[in-house]
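Data block for protein-v9.cif (mmCIF, C-alpha atoms):
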data_start
loop_
_atom_site.group_PDB
_atom_site.id
_atom_site.type_symbol
_atom_site.label_atom_id
_atom_site.label_comp_id
_atom_site.auth_asym_id
_atom_site.auth_seq_id
_atom_site.Cartn_x
_atom_site.Cartn_y
_atom_site.Cartn_z
ATOM 1 C CA MET A 273 -39.858 -139.246 -60.677
ATOM 2 C CA SER A 274 -36.510 -138.579 -59.065
ATOM 3 C CA THR A 275 -35.738 -136.044 -56.366
ATOM 4 C CA LEU A 276 -32.421 -134.259 -56.882
ATOM 5 C CA GLN A 277 -30.556 -131.771 -54.750
ATOM 6 C CA GLU A 278 -29.757 -129.699 -57.849
ATOM 7 C CA LEU A 279 -33.384 -128.510 -57.791
ATOM 8 C CA ASP A 280 -32.874 -126.994 -54.323
ATOM 9 C CA PRO A 281 -32.706 -123.182 -54.603
ATOM 10 C CA ASP A 282 -30.661 -123.000 -51.396
ATOM 11 C CA CYS A 283 -27.695 -123.835 -53.607
ATOM 12 C CA TYR A 284 -28.124 -120.489 -55.392
ATOM 13 C CA ASP A 285 -28.288 -116.849 -54.421
ATOM 14 C CA GLU A 286 -31.187 -114.753 -55.604
ATOM 15 C CA GLY A 287 -29.282 -113.683 -58.716
ATOM 16 C CA ARG A 288 -28.438 -110.312 -60.191
ATOM 17 C CA LEU A 289 -30.741 -107.345 -60.159
ATOM 18 C CA ASP A 290 -30.353 -107.308 -63.942
ATOM 19 C CA ALA A 291 -30.696 -111.077 -64.339
ATOM 20 C CA VAL A 292 -33.062 -110.609 -67.309
ATOM 21 C CA ASP A 293 -31.181 -109.043 -70.205
ATOM 22 C CA LEU A 294 -34.104 -108.899 -72.597
ATOM 23 C CA THR A 295 -37.855 -109.486 -72.501
ATOM 24 C CA ILE A 296 -39.481 -110.612 -75.736
ATOM 25 C CA VAL A 297 -43.253 -110.435 -76.089
ATOM 26 C CA PRO A 298 -44.224 -112.778 -78.952
ATOM 27 C CA ARG A 299 -46.248 -111.538 -81.867
ATOM 28 C CA ALA A 300 -49.494 -113.429 -82.328
ATOM 29 C CA ARG A 301 -50.908 -114.593 -85.636
ATOM 30 C CA ASP A 302 -53.850 -116.724 -86.680
ATOM 31 C CA ILE A 303 -52.913 -119.653 -88.913
ATOM 32 C CA GLY A 304 -56.354 -120.959 -89.665
ATOM 33 C CA GLY A 305 -58.492 -121.452 -86.606
ATOM 34 C CA PHE A 306 -55.918 -121.136 -83.853
ATOM 35 C CA GLU A 307 -53.329 -118.688 -82.629
ATOM 36 C CA VAL A 308 -49.552 -119.029 -82.706
ATOM 37 C CA ARG A 309 -47.309 -116.758 -80.644
ATOM 38 C CA ARG A 310 -43.791 -116.518 -82.103
ATOM 39 C CA ALA A 311 -41.043 -115.431 -79.690
ATOM 40 C CA LEU A 312 -38.060 -116.322 -81.899
ATOM 41 C CA PRO A 313 -36.743 -114.976 -84.120
ATOM 42 C CA SER A 314 -37.450 -111.418 -83.012
ATOM 43 C CA ALA A 315 -36.163 -108.027 -84.087
ATOM 44 C CA LYS A 316 -33.873 -107.999 -81.047
ATOM 45 C CA ARG A 317 -32.696 -111.605 -81.010
ATOM 46 C CA GLN A 318 -32.436 -114.306 -83.672
ATOM 47 C CA MET A 319 -31.399 -117.311 -81.575
ATOM 48 C CA ILE A 320 -31.024 -118.592 -78.013
ATOM 49 C CA GLY A 321 -28.370 -121.272 -78.306
ATOM 50 C CA PRO A 322 -29.525 -123.284 -81.354
ATOM 51 C CA PHE A 323 -33.226 -122.338 -80.936
ATOM 52 C CA ILE A 324 -34.124 -120.178 -83.934
ATOM 53 C CA PHE A 325 -37.939 -120.479 -83.921
ATOM 54 C CA TRP A 326 -40.079 -120.650 -80.808
ATOM 55 C CA ASP A 327 -43.822 -120.896 -81.357
ATOM 56 C CA GLN A 328 -46.524 -121.312 -78.734
ATOM 57 C CA MET A 329 -49.455 -123.128 -80.349
ATOM 58 C CA GLY A 330 -52.768 -122.283 -78.682
ATOM 59 C CA PRO A 331 -54.283 -122.863 -76.238
ATOM 60 C CA ALA A 332 -57.101 -123.503 -78.682
ATOM 61 C CA ALA A 333 -60.433 -125.315 -78.554
ATOM 62 C CA PHE A 334 -61.743 -126.361 -81.970
ATOM 63 C CA PRO A 335 -65.394 -126.951 -82.840
ATOM 64 C CA MET A 336 -66.362 -130.580 -83.388
ATOM 65 C CA GLY A 337 -65.159 -131.754 -86.789
ATOM 66 C CA GLU A 338 -62.400 -129.170 -87.056
ATOM 67 C CA GLY A 339 -58.687 -129.134 -86.181
ATOM 68 C CA ILE A 340 -55.269 -128.274 -87.529
ATOM 69 C CA ASN A 341 -54.657 -129.131 -91.143
ATOM 70 C CA VAL A 342 -51.117 -128.220 -92.242
ATOM 71 C CA ARG A 343 -50.497 -129.558 -95.751
ATOM 72 C CA PRO A 344 -47.132 -131.054 -96.802
ATOM 73 C CA HIS A 345 -44.320 -128.520 -96.914
ATOM 74 C CA PRO A 346 -40.494 -128.691 -97.008
ATOM 75 C CA HIS A 347 -37.653 -127.891 -94.604
ATOM 76 C CA ILE A 348 -33.858 -127.800 -94.870
ATOM 77 C CA GLY A 349 -31.004 -127.042 -92.469
ATOM 78 C CA LEU A 350 -32.864 -127.432 -89.175
ATOM 79 C CA ALA A 351 -34.607 -129.809 -86.787
ATOM 80 C CA THR A 352 -38.169 -129.267 -85.582
ATOM 81 C CA LEU A 353 -39.039 -130.266 -82.025
ATOM 82 C CA THR A 354 -42.716 -130.534 -81.102
ATOM 83 C CA TYR A 355 -43.870 -130.836 -77.480
ATOM 84 C CA LEU A 356 -47.522 -130.741 -76.437
ATOM 85 C CA PHE A 357 -49.259 -129.824 -73.184
ATOM 86 C CA ASP A 358 -52.712 -130.700 -74.517
ATOM 87 C CA GLY A 359 -54.178 -132.250 -77.654
ATOM 88 C CA GLU A 360 -52.836 -134.496 -80.394
ATOM 89 C CA ILE A 361 -51.172 -133.934 -83.779
ATOM 90 C CA TYR A 362 -50.586 -136.550 -86.464
ATOM 91 C CA HIS A 363 -47.205 -136.206 -88.175
ATOM 92 C CA ARG A 364 -46.389 -137.676 -91.586
ATOM 93 C CA ASP A 365 -43.185 -137.115 -93.530
ATOM 94 C CA SER A 366 -41.347 -138.059 -96.710
ATOM 95 C CA LEU A 367 -39.396 -140.767 -94.861
ATOM 96 C CA GLY A 368 -42.655 -142.679 -94.505
ATOM 97 C CA THR A 369 -43.158 -141.752 -90.846
ATOM 98 C CA ALA A 370 -46.736 -141.704 -89.554
ATOM 99 C CA GLN A 371 -46.688 -140.795 -85.863
ATOM 100 C CA PRO A 372 -49.161 -139.132 -83.502
ATOM 101 C CA ILE A 373 -47.788 -136.953 -80.728
ATOM 102 C CA ARG A 374 -49.604 -136.544 -77.406
ATOM 103 C CA PRO A 375 -48.946 -134.489 -74.250
ATOM 104 C CA GLY A 376 -45.524 -135.007 -72.669
ATOM 105 C CA GLU A 377 -44.072 -136.641 -75.786
ATOM 106 C CA VAL A 378 -41.434 -135.399 -78.237
ATOM 107 C CA ASN A 379 -41.357 -135.473 -82.023
ATOM 108 C CA LEU A 380 -37.917 -134.507 -83.358
ATOM 109 C CA MET A 381 -37.698 -134.180 -87.127
ATOM 110 C CA THR A 382 -34.250 -133.506 -88.547
ATOM 111 C CA ALA A 383 -34.594 -131.877 -91.954
ATOM 112 C CA GLY A 384 -30.888 -131.710 -92.830
ATOM 113 C CA LYS A 385 -30.549 -131.740 -96.627
ATOM 114 C CA GLY A 386 -34.314 -131.830 -97.046
ATOM 115 C CA ILE A 387 -37.580 -133.320 -95.801
ATOM 116 C CA VAL A 388 -41.304 -132.799 -96.392
ATOM 117 C CA HIS A 389 -43.958 -133.228 -93.696
ATOM 118 C CA SER A 390 -47.565 -132.545 -92.826
ATOM 119 C CA GLU A 391 -49.267 -131.922 -89.480
ATOM 120 C CA ARG A 392 -52.944 -132.721 -89.193
ATOM 121 C CA MET A 393 -55.523 -134.133 -86.807
ATOM 122 C CA ASP A 394 -57.216 -137.501 -87.315
ATOM 123 C CA ASP A 395 -60.919 -137.447 -88.053
ATOM 124 C CA ALA A 396 -61.591 -139.338 -84.809
ATOM 125 C CA VAL A 397 -59.768 -136.621 -82.841
ATOM 126 C CA LYS A 398 -61.529 -133.789 -84.701
ATOM 127 C CA ALA A 399 -64.914 -135.386 -84.049
ATOM 128 C CA LEU A 400 -64.447 -134.765 -80.315
ATOM 129 C CA GLY A 401 -63.893 -131.011 -80.617
ATOM 130 C CA PRO A 402 -60.150 -131.144 -79.890
ATOM 131 C CA ASN A 403 -57.930 -128.892 -77.823
ATOM 132 C CA LEU A 404 -54.383 -127.923 -78.726
ATOM 133 C CA PHE A 405 -51.663 -126.330 -76.605
ATOM 134 C CA GLY A 406 -47.936 -126.762 -76.938
ATOM 135 C CA ILE A 407 -44.578 -125.549 -78.201
ATOM 136 C CA GLN A 408 -42.987 -126.093 -81.567
ATOM 137 C CA SER A 409 -39.372 -125.024 -81.805
ATOM 138 C CA TRP A 410 -36.946 -124.991 -84.698
ATOM 139 C CA ILE A 411 -33.355 -125.883 -83.890
ATOM 140 C CA ALA A 412 -30.618 -124.600 -86.178
ATOM 141 C CA LEU A 413 -28.082 -127.242 -87.100
ATOM 142 C CA PRO A 414 -24.346 -126.500 -86.891
ATOM 143 C CA LYS A 415 -22.714 -125.950 -90.279
ATOM 144 C CA SER A 416 -21.174 -129.422 -90.125
ATOM 145 C CA SER A 417 -24.662 -130.972 -89.827
ATOM 146 C CA GLU A 418 -26.800 -128.746 -92.071
ATOM 147 C CA GLU A 419 -26.742 -131.318 -94.878
ATOM 148 C CA VAL A 420 -27.155 -134.520 -92.839
ATOM 149 C CA ALA A 421 -29.610 -137.150 -94.014
ATOM 150 C CA PRO A 422 -33.160 -136.402 -92.826
ATOM 151 C CA ALA A 423 -34.393 -138.361 -89.818
ATOM 152 C CA PHE A 424 -37.335 -138.645 -87.425
ATOM 153 C CA GLU A 425 -37.364 -139.536 -83.735
ATOM 154 C CA HIS A 426 -40.309 -139.997 -81.357
ATOM 155 C CA ARG A 427 -39.952 -140.253 -77.568
ATOM 156 C CA ASP A 428 -42.851 -140.948 -75.254
ATOM 157 C CA GLN A 429 -43.252 -139.636 -71.712
ATOM 158 C CA THR A 430 -41.557 -142.601 -70.091
ATOM 159 C CA ALA A 431 -38.330 -142.010 -72.046
ATOM 160 C CA LEU A 432 -37.821 -138.447 -70.783
ATOM 161 C CA PRO A 433 -36.201 -137.898 -67.359
ATOM 162 C CA THR A 434 -38.610 -136.435 -64.809
ATOM 163 C CA LEU A 435 -37.520 -134.789 -61.566
ATOM 164 C CA GLU A 436 -39.415 -133.409 -58.616
ATOM 165 C CA ALA A 437 -38.713 -131.335 -55.568
ATOM 166 C CA GLU A 438 -40.927 -129.322 -53.265
ATOM 167 C CA GLY A 439 -43.502 -127.525 -55.396
ATOM 168 C CA LYS A 440 -41.941 -128.300 -58.763
ATOM 169 C CA ALA A 441 -41.975 -131.022 -61.403
ATOM 170 C CA VAL A 442 -39.492 -131.063 -64.265
ATOM 171 C CA ARG A 443 -39.316 -132.995 -67.527
ATOM 172 C CA VAL A 444 -35.951 -132.761 -69.319
ATOM 173 C CA ILE A 445 -36.817 -132.673 -73.016
ATOM 174 C CA ALA A 446 -33.332 -132.306 -74.541
ATOM 175 C CA GLY A 447 -29.784 -131.972 -73.264
ATOM 176 C CA SER A 448 -28.719 -132.187 -69.605
ATOM 177 C CA LEU A 449 -30.118 -130.183 -66.690
ATOM 178 C CA TRP A 450 -30.110 -130.681 -62.913
ATOM 179 C CA GLY A 451 -28.098 -133.880 -63.272
ATOM 180 C CA ALA A 452 -30.506 -135.565 -65.711
ATOM 181 C CA THR A 453 -29.947 -136.193 -69.435
ATOM 182 C CA SER A 454 -32.601 -136.646 -72.103
ATOM 183 C CA PRO A 455 -32.169 -139.356 -74.763
ATOM 184 C CA VAL A 456 -33.407 -136.989 -77.495
ATOM 185 C CA THR A 457 -30.756 -136.470 -80.199
ATOM 186 C CA THR A 458 -28.914 -133.146 -80.182
ATOM 187 C CA PHE A 459 -26.461 -131.740 -82.719
ATOM 188 C CA SER A 460 -24.918 -129.038 -80.506
ATOM 189 C CA GLU A 461 -24.797 -128.157 -76.813
ATOM 190 C CA MET A 462 -28.354 -127.309 -75.784
ATOM 191 C CA ILE A 463 -30.825 -127.468 -72.900
ATOM 192 C CA TYR A 464 -34.607 -127.712 -72.921
ATOM 193 C CA ALA A 465 -36.929 -128.532 -70.003
ATOM 194 C CA ASP A 466 -40.616 -128.224 -69.174
ATOM 195 C CA VAL A 467 -41.269 -127.150 -65.567
ATOM 196 C CA ALA A 468 -44.510 -127.028 -63.562
ATOM 197 C CA LEU A 469 -44.328 -124.772 -60.475
ATOM 198 C CA GLN A 470 -46.700 -124.476 -57.564
ATOM 199 C CA THR A 471 -47.249 -121.010 -56.071
ATOM 200 C CA GLY A 472 -44.182 -119.963 -54.084
ATOM 201 C CA ALA A 473 -41.911 -122.663 -55.517
ATOM 202 C CA LYS A 474 -38.396 -121.604 -56.472
ATOM 203 C CA LEU A 475 -36.361 -123.063 -59.314
ATOM 204 C CA PRO A 476 -32.611 -122.500 -59.752
ATOM 205 C CA ILE A 477 -31.437 -122.057 -63.342
ATOM 206 C CA PRO A 478 -27.784 -123.120 -63.606
ATOM 207 C CA ALA A 479 -25.297 -121.046 -65.577
ATOM 208 C CA ASP A 480 -23.660 -123.952 -67.391
ATOM 209 C CA HIS A 481 -24.496 -122.564 -70.834
ATOM 210 C CA GLU A 482 -23.788 -119.093 -72.157
ATOM 211 C CA GLU A 483 -27.216 -118.507 -73.677
ATOM 212 C CA ARG A 484 -30.320 -119.250 -71.616
ATOM 213 C CA ALA A 485 -33.922 -118.140 -71.587
ATOM 214 C CA ILE A 486 -37.190 -118.835 -69.796
ATOM 215 C CA TYR A 487 -40.488 -118.969 -71.628
ATOM 216 C CA ILE A 488 -43.580 -118.504 -69.452
ATOM 217 C CA SER A 489 -46.378 -120.548 -70.965
ATOM 218 C CA GLU A 490 -48.754 -120.305 -67.978
ATOM 219 C CA GLY A 491 -48.975 -118.194 -64.819
ATOM 220 C CA THR A 492 -46.716 -115.490 -63.390
ATOM 221 C CA VAL A 493 -43.132 -115.715 -62.134
ATOM 222 C CA ILE A 494 -40.704 -113.486 -60.262
ATOM 223 C CA VAL A 495 -37.064 -113.082 -61.298
ATOM 224 C CA SER A 496 -34.819 -110.807 -59.217
ATOM 225 C CA GLY A 497 -37.854 -109.025 -57.759
ATOM 226 C CA ASP A 498 -39.595 -108.351 -61.092
ATOM 227 C CA ARG A 499 -42.902 -110.015 -62.037
ATOM 228 C CA PHE A 500 -43.428 -111.477 -65.498
ATOM 229 C CA ASP A 501 -46.707 -112.804 -66.868
ATOM 230 C CA CYS A 502 -47.297 -115.676 -69.254
ATOM 231 C CA GLY A 503 -46.501 -115.306 -72.923
ATOM 232 C CA GLN A 504 -43.053 -113.756 -72.450
ATOM 233 C CA LEU A 505 -39.556 -114.987 -73.274
ATOM 234 C CA LEU A 506 -36.969 -113.849 -70.709
ATOM 235 C CA VAL A 507 -33.390 -113.868 -71.989
ATOM 236 C CA LEU A 508 -31.086 -114.334 -69.006
ATOM 237 C CA HIS A 509 -27.794 -112.640 -68.297
ATOM 238 C CA PRO A 510 -24.953 -115.022 -69.208
ATOM 239 C CA GLY A 511 -22.737 -116.521 -66.541
ATOM 240 C CA ASP A 512 -24.927 -116.061 -63.477
ATOM 241 C CA PRO A 513 -27.164 -118.541 -61.643
ATOM 242 C CA VAL A 514 -30.741 -117.272 -61.544
ATOM 243 C CA THR A 515 -33.673 -118.300 -59.349
ATOM 244 C CA VAL A 516 -37.235 -118.243 -60.690
ATOM 245 C CA GLU A 517 -40.079 -117.988 -58.167
ATOM 246 C CA ALA A 518 -43.685 -118.793 -59.026
ATOM 247 C CA ALA A 519 -46.012 -115.925 -58.084
ATOM 248 C CA SER A 520 -48.913 -118.191 -59.038
ATOM 249 C CA GLN A 521 -49.197 -121.711 -60.300
ATOM 250 C CA ALA A 522 -47.015 -121.544 -63.381
ATOM 251 C CA ARG A 523 -45.514 -123.497 -66.242
ATOM 252 C CA ILE A 524 -42.221 -122.460 -67.798
ATOM 253 C CA GLN A 525 -39.781 -123.831 -70.316
ATOM 254 C CA VAL A 526 -36.039 -123.450 -69.829
ATOM 255 C CA LEU A 527 -34.092 -123.335 -73.091
ATOM 256 C CA GLY A 528 -30.678 -122.435 -74.414
ATOM 257 C CA GLY A 529 -27.226 -123.737 -75.141
ATOM 258 C CA GLU A 530 -23.944 -122.610 -76.595
ATOM 259 C CA PRO A 531 -23.972 -119.869 -79.270
ATOM 260 C CA MET A 532 -24.477 -121.120 -82.810
ATOM 261 C CA ASP A 533 -21.509 -121.033 -85.195
ATOM 262 C CA GLY A 534 -22.659 -117.911 -86.991
ATOM 263 C CA PRO A 535 -25.980 -116.358 -88.014
ATOM 264 C CA ARG A 536 -28.573 -118.159 -90.106
ATOM 265 C CA PHE A 537 -30.661 -117.027 -93.053
ATOM 266 C CA ILE A 538 -34.381 -117.775 -92.871
ATOM 267 C CA TRP A 539 -36.781 -117.869 -95.793
ATOM 268 C CA TRP A 540 -40.205 -119.477 -95.333
ATOM 269 C CA ASN A 541 -39.477 -122.988 -93.966
ATOM 270 C CA PHE A 542 -35.805 -122.981 -94.933
ATOM 271 C CA VAL A 543 -32.962 -122.229 -92.495
ATOM 272 C CA HIS A 544 -29.322 -122.310 -93.576
ATOM 273 C CA SER A 545 -25.961 -120.567 -93.285
ATOM 274 C CA SER A 546 -25.893 -120.172 -97.099
ATOM 275 C CA LYS A 547 -28.267 -117.976 -99.095
ATOM 276 C CA ASP A 548 -27.393 -119.921 -102.232
ATOM 277 C CA ARG A 549 -28.499 -123.167 -100.576
ATOM 278 C CA ILE A 550 -31.846 -121.600 -99.705
ATOM 279 C CA GLU A 551 -32.269 -120.412 -103.296
ATOM 280 C CA ALA A 552 -31.600 -123.966 -104.493
ATOM 281 C CA ALA A 553 -34.188 -125.348 -102.058
ATOM 282 C CA LYS A 554 -36.768 -122.826 -103.298
ATOM 283 C CA ALA A 555 -36.141 -123.897 -106.885
ATOM 284 C CA ASP A 556 -36.327 -127.596 -105.956
ATOM 285 C CA TRP A 557 -39.684 -127.198 -104.198
ATOM 286 C CA LYS A 558 -41.124 -125.195 -107.074
ATOM 287 C CA ALA A 559 -39.917 -127.836 -109.542
ATOM 288 C CA GLY A 560 -41.331 -130.727 -107.487
ATOM 289 C CA LYS A 561 -37.934 -132.262 -106.734
ATOM 290 C CA PHE A 562 -38.548 -132.912 -103.023
ATOM 291 C CA ASP A 563 -39.847 -136.330 -101.980
ATOM 292 C CA ILE A 564 -43.577 -136.826 -101.422
ATOM 293 C CA VAL A 565 -45.251 -137.725 -98.122
ATOM 294 C CA PRO A 566 -46.640 -141.275 -98.331
ATOM 295 C CA GLY A 567 -50.299 -141.264 -97.350
ATOM 296 C CA ASP A 568 -50.554 -137.489 -97.875
ATOM 297 C CA GLU A 569 -49.703 -137.054 -101.559
ATOM 298 C CA GLU A 570 -52.728 -135.130 -102.785
ATOM 299 C CA GLU A 571 -51.977 -131.679 -101.371
ATOM 300 C CA PHE A 572 -49.011 -129.420 -100.717
ATOM 301 C CA ILE A 573 -48.275 -125.814 -99.787
ATOM 302 C CA PRO A 574 -46.988 -123.910 -102.841
ATOM 303 C CA LEU A 575 -43.819 -121.829 -102.678
ATOM 304 C CA PRO A 576 -44.833 -118.353 -101.448
ATOM 305 C CA ASP A 577 -44.466 -115.376 -103.792
ATOM 306 C CA LYS A 578 -42.542 -113.536 -101.079
#

In structure tokens, how does this file's structure come out?
Amino acid sequence: MSTLQELDPDCYDEGRLDAVDLTIVPRARDIGGFEVRRALPSAKRQMIGPFIFWDQMGPAAFPMGEGINVRPHPHIGLATLTYLFDGEIYHRDSLGTAQPIRPGEVNLMTAGKGIVHSERMDDAVKALGPNLFGIQSWIALPKSSEEVAPAFEHRDQTALPTLEAEGKAVRVIAGSLWGATSPVTTFSEMIYADVALQTGAKLPIPADHEERAIYISEGTVIVSGDRFDCGQLLVLHPGDPVTVEAASQARIQVLGGEPMDGPRFIWWNFVHSSKDRIEAAKADWKAGKFDIVPGDEEEFIPLPDK
């Protein structure tokens, strides 16, 4: 862990009275034994920087012998970034990747022109009655990168910069924040950090990027005098430094970046700037033209009717 002056809130004022432009309360849905809360996209906001999907998975506690079981399915035009607080997921994809992800680690899967993957739990993990808690985000690719070759990248805890200051511990997941830079591949200007705050701790959020947000995954925080509980995405006013204070022990994620180069169309697991490209991907999946997932060839999720 490194201690950096950039984490010192004395460098910032207390921010604007209207520092939070928009509060998004995610809609919850059950996807087969555990709950997902989706903050992005919402009716009021499609993206924060390149982040186009933001899902909180759990917290969930499965009975012994059960766990997540997401069959192979396709993606185009995006990258998925999975980060866990608790539990373990086993990722397989059509590149031949077979990689577990555990707390504090990153799985980055770049779909580009097309990839297929599954997300399950090993039998040995399910036998223990597993827990699951974490964030899966989808990152829209700039138009120049929407059709790149698919790729997969795993980073363990030791590869991600970690910072500490009084009452706070930070892991920089992607991009550069507070003077530290993550090695995780990015395709556009973006920031993403996981922050643990002790009660009363203050965290300055720099204004280096136009679009920024805070997701409260645990606890309660105060921003410009207003209290916000867990399970909310706070979209910050552009251009102004903001200080977040923990009203209780809390965990937040800081995310954002520069605005994407135009809106994106979303249909099922496909994200792209072109509707025609999405239609082609739908036809390819229905016709079985995507690659299979080695070691997970027996099942797949059919193309939805809607």

I'd like the contact shell of stretch 441-447 of chain A - 10 Å cut-off, only C-alpha atoms, skipping same-chain residues fewer than 5 positions apart - returned as a short mmCIF file (atom, residue, chain, number, x, y, z; two decimals) with C-alpha atoms, keeping the file's coordinate frame.
data_model
loop_
_atom_site.label_atom_id
_atom_site.label_comp_id
_atom_site.auth_asym_id
_atom_site.auth_seq_id
_atom_site.Cartn_x
_atom_site.Cartn_y
_atom_site.Cartn_z
CA MET A 273 -39.86 -139.25 -60.68
CA SER A 274 -36.51 -138.58 -59.06
CA THR A 275 -35.74 -136.04 -56.37
CA LEU A 279 -33.38 -128.51 -57.79
CA LEU A 353 -39.04 -130.27 -82.02
CA TYR A 355 -43.87 -130.84 -77.48
CA GLY A 376 -45.52 -135.01 -72.67
CA GLU A 377 -44.07 -136.64 -75.79
CA VAL A 378 -41.43 -135.40 -78.24
CA ARG A 427 -39.95 -140.25 -77.57
CA GLN A 429 -43.25 -139.64 -71.71
CA ALA A 431 -38.33 -142.01 -72.05
CA LEU A 432 -37.82 -138.45 -70.78
CA PRO A 433 -36.20 -137.90 -67.36
CA THR A 434 -38.61 -136.44 -64.81
CA LEU A 435 -37.52 -134.79 -61.57
CA GLU A 436 -39.42 -133.41 -58.62
CA ALA A 452 -30.51 -135.56 -65.71
CA THR A 453 -29.95 -136.19 -69.44
CA SER A 454 -32.60 -136.65 -72.10
CA PRO A 455 -32.17 -139.36 -74.76
CA VAL A 456 -33.41 -136.99 -77.50
CA THR A 457 -30.76 -136.47 -80.20
CA THR A 458 -28.91 -133.15 -80.18
CA SER A 460 -24.92 -129.04 -80.51
CA GLU A 461 -24.80 -128.16 -76.81
CA MET A 462 -28.35 -127.31 -75.78
CA ILE A 463 -30.82 -127.47 -72.90
CA TYR A 464 -34.61 -127.71 -72.92
CA ALA A 465 -36.93 -128.53 -70.00
CA ASP A 466 -40.62 -128.22 -69.17
CA VAL A 467 -41.27 -127.15 -65.57
CA ALA A 468 -44.51 -127.03 -63.56
CA LEU A 469 -44.33 -124.77 -60.48
CA GLN A 470 -46.70 -124.48 -57.56
CA LEU A 475 -36.36 -123.06 -59.31
CA ARG A 523 -45.51 -123.50 -66.24
CA ILE A 524 -42.22 -122.46 -67.80
CA GLN A 525 -39.78 -123.83 -70.32
CA VAL A 526 -36.04 -123.45 -69.83
CA LEU A 527 -34.09 -123.34 -73.09
CA GLY A 528 -30.68 -122.44 -74.41
CA GLY A 529 -27.23 -123.74 -75.14
#

Show me, as JSON, the centre and edge lengths in Å to one decimal of the axis-aligned box that covers every listed atom of stretch 297-300 of chain A with 4 Å on each side.
{"center_x": -46.4, "center_y": -111.9, "center_z": -79.2, "size_x": 14.2, "size_y": 11.0, "size_z": 14.2}

Excluding stretch 490-493 of chain A and residues on its chain fewer than 2 positions from it, collect all residues at most 12 Å away from it, counting all atoms listed in the file, and give them as a PyMOL selection string. chain A and resi 328+330-331+357+405-406+466-475+486-488+495-506+515-525

Could the residues in this selection be written to a file with C-alpha atoms, as a PDB file, in the frame of the given file?
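Dumped to out02.pdb:
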ATOM      1  CA  GLN A 328     -46.524-121.312 -78.734  1.00  0.00           C
ATOM      2  CA  GLY A 330     -52.768-122.283 -78.682  1.00  0.00           C
ATOM      3  CA  PRO A 331     -54.283-122.863 -76.238  1.00  0.00           C
ATOM      4  CA  PHE A 357     -49.259-129.824 -73.184  1.00  0.00           C
ATOM      5  CA  PHE A 405     -51.663-126.330 -76.605  1.00  0.00           C
ATOM      6  CA  GLY A 406     -47.936-126.762 -76.938  1.00  0.00           C
ATOM      7  CA  ASP A 466     -40.616-128.224 -69.174  1.00  0.00           C
ATOM      8  CA  VAL A 467     -41.269-127.150 -65.567  1.00  0.00           C
ATOM      9  CA  ALA A 468     -44.510-127.028 -63.562  1.00  0.00           C
ATOM     10  CA  LEU A 469     -44.328-124.772 -60.475  1.00  0.00           C
ATOM     11  CA  GLN A 470     -46.700-124.476 -57.564  1.00  0.00           C
ATOM     12  CA  THR A 471     -47.249-121.010 -56.071  1.00  0.00           C
ATOM     13  CA  GLY A 472     -44.182-119.963 -54.084  1.00  0.00           C
ATOM     14  CA  ALA A 473     -41.911-122.663 -55.517  1.00  0.00           C
ATOM     15  CA  LYS A 474     -38.396-121.604 -56.472  1.00  0.00           C
ATOM     16  CA  LEU A 475     -36.361-123.063 -59.314  1.00  0.00           C
ATOM     17  CA  ILE A 486     -37.190-118.835 -69.796  1.00  0.00           C
ATOM     18  CA  TYR A 487     -40.488-118.969 -71.628  1.00  0.00           C
ATOM     19  CA  ILE A 488     -43.580-118.504 -69.452  1.00  0.00           C
ATOM     20  CA  VAL A 495     -37.064-113.082 -61.298  1.00  0.00           C
ATOM     21  CA  SER A 496     -34.819-110.807 -59.217  1.00  0.00           C
ATOM     22  CA  GLY A 497     -37.854-109.025 -57.759  1.00  0.00           C
ATOM     23  CA  ASP A 498     -39.595-108.351 -61.092  1.00  0.00           C
ATOM     24  CA  ARG A 499     -42.902-110.015 -62.037  1.00  0.00           C
ATOM     25  CA  PHE A 500     -43.428-111.477 -65.498  1.00  0.00           C
ATOM     26  CA  ASP A 501     -46.707-112.804 -66.868  1.00  0.00           C
ATOM     27  CA  CYS A 502     -47.297-115.676 -69.254  1.00  0.00           C
ATOM     28  CA  GLY A 503     -46.501-115.306 -72.923  1.00  0.00           C
ATOM     29  CA  GLN A 504     -43.053-113.756 -72.450  1.00  0.00           C
ATOM     30  CA  LEU A 505     -39.556-114.987 -73.274  1.00  0.00           C
ATOM     31  CA  LEU A 506     -36.969-113.849 -70.709  1.00  0.00           C
ATOM     32  CA  THR A 515     -33.673-118.300 -59.349  1.00  0.00           C
ATOM     33  CA  VAL A 516     -37.235-118.243 -60.690  1.00  0.00           C
ATOM     34  CA  GLU A 517     -40.079-117.988 -58.167  1.00  0.00           C
ATOM     35  CA  ALA A 518     -43.685-118.793 -59.026  1.00  0.00           C
ATOM     36  CA  ALA A 519     -46.012-115.925 -58.084  1.00  0.00           C
ATOM     37  CA  SER A 520     -48.913-118.191 -59.038  1.00  0.00           C
ATOM     38  CA  GLN A 521     -49.197-121.711 -60.300  1.00  0.00           C
ATOM     39  CA  ALA A 522     -47.015-121.544 -63.381  1.00  0.00           C
ATOM     40  CA  ARG A 523     -45.514-123.497 -66.242  1.00  0.00           C
ATOM     41  CA  ILE A 524     -42.221-122.460 -67.798  1.00  0.00           C
ATOM     42  CA  GLN A 525     -39.781-123.831 -70.316  1.00  0.00           C
TER      43      GLN A 525
END

I'd like the neighbourhood of A:His509 as a list in words, where a residue qualifies if any of its atoms comes within 9 Å (using only C-alpha atoms), though same-chain residues fewer than 3 positions away should be ignored. Arg288, Asp290, Ala291, Val292, Asp293, Leu294, Glu482, Glu483, Arg484, Ala485, Asp512, Pro513 and Val514 of chain A

Please indicate the distance in Å from atom CA of A:Asp428 to atom CA of A:Trp540, rounded to one decimal place.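 Value for the atom CA of A:Asp428-atom CA of A:Trp540 distance: 29.5 Å.
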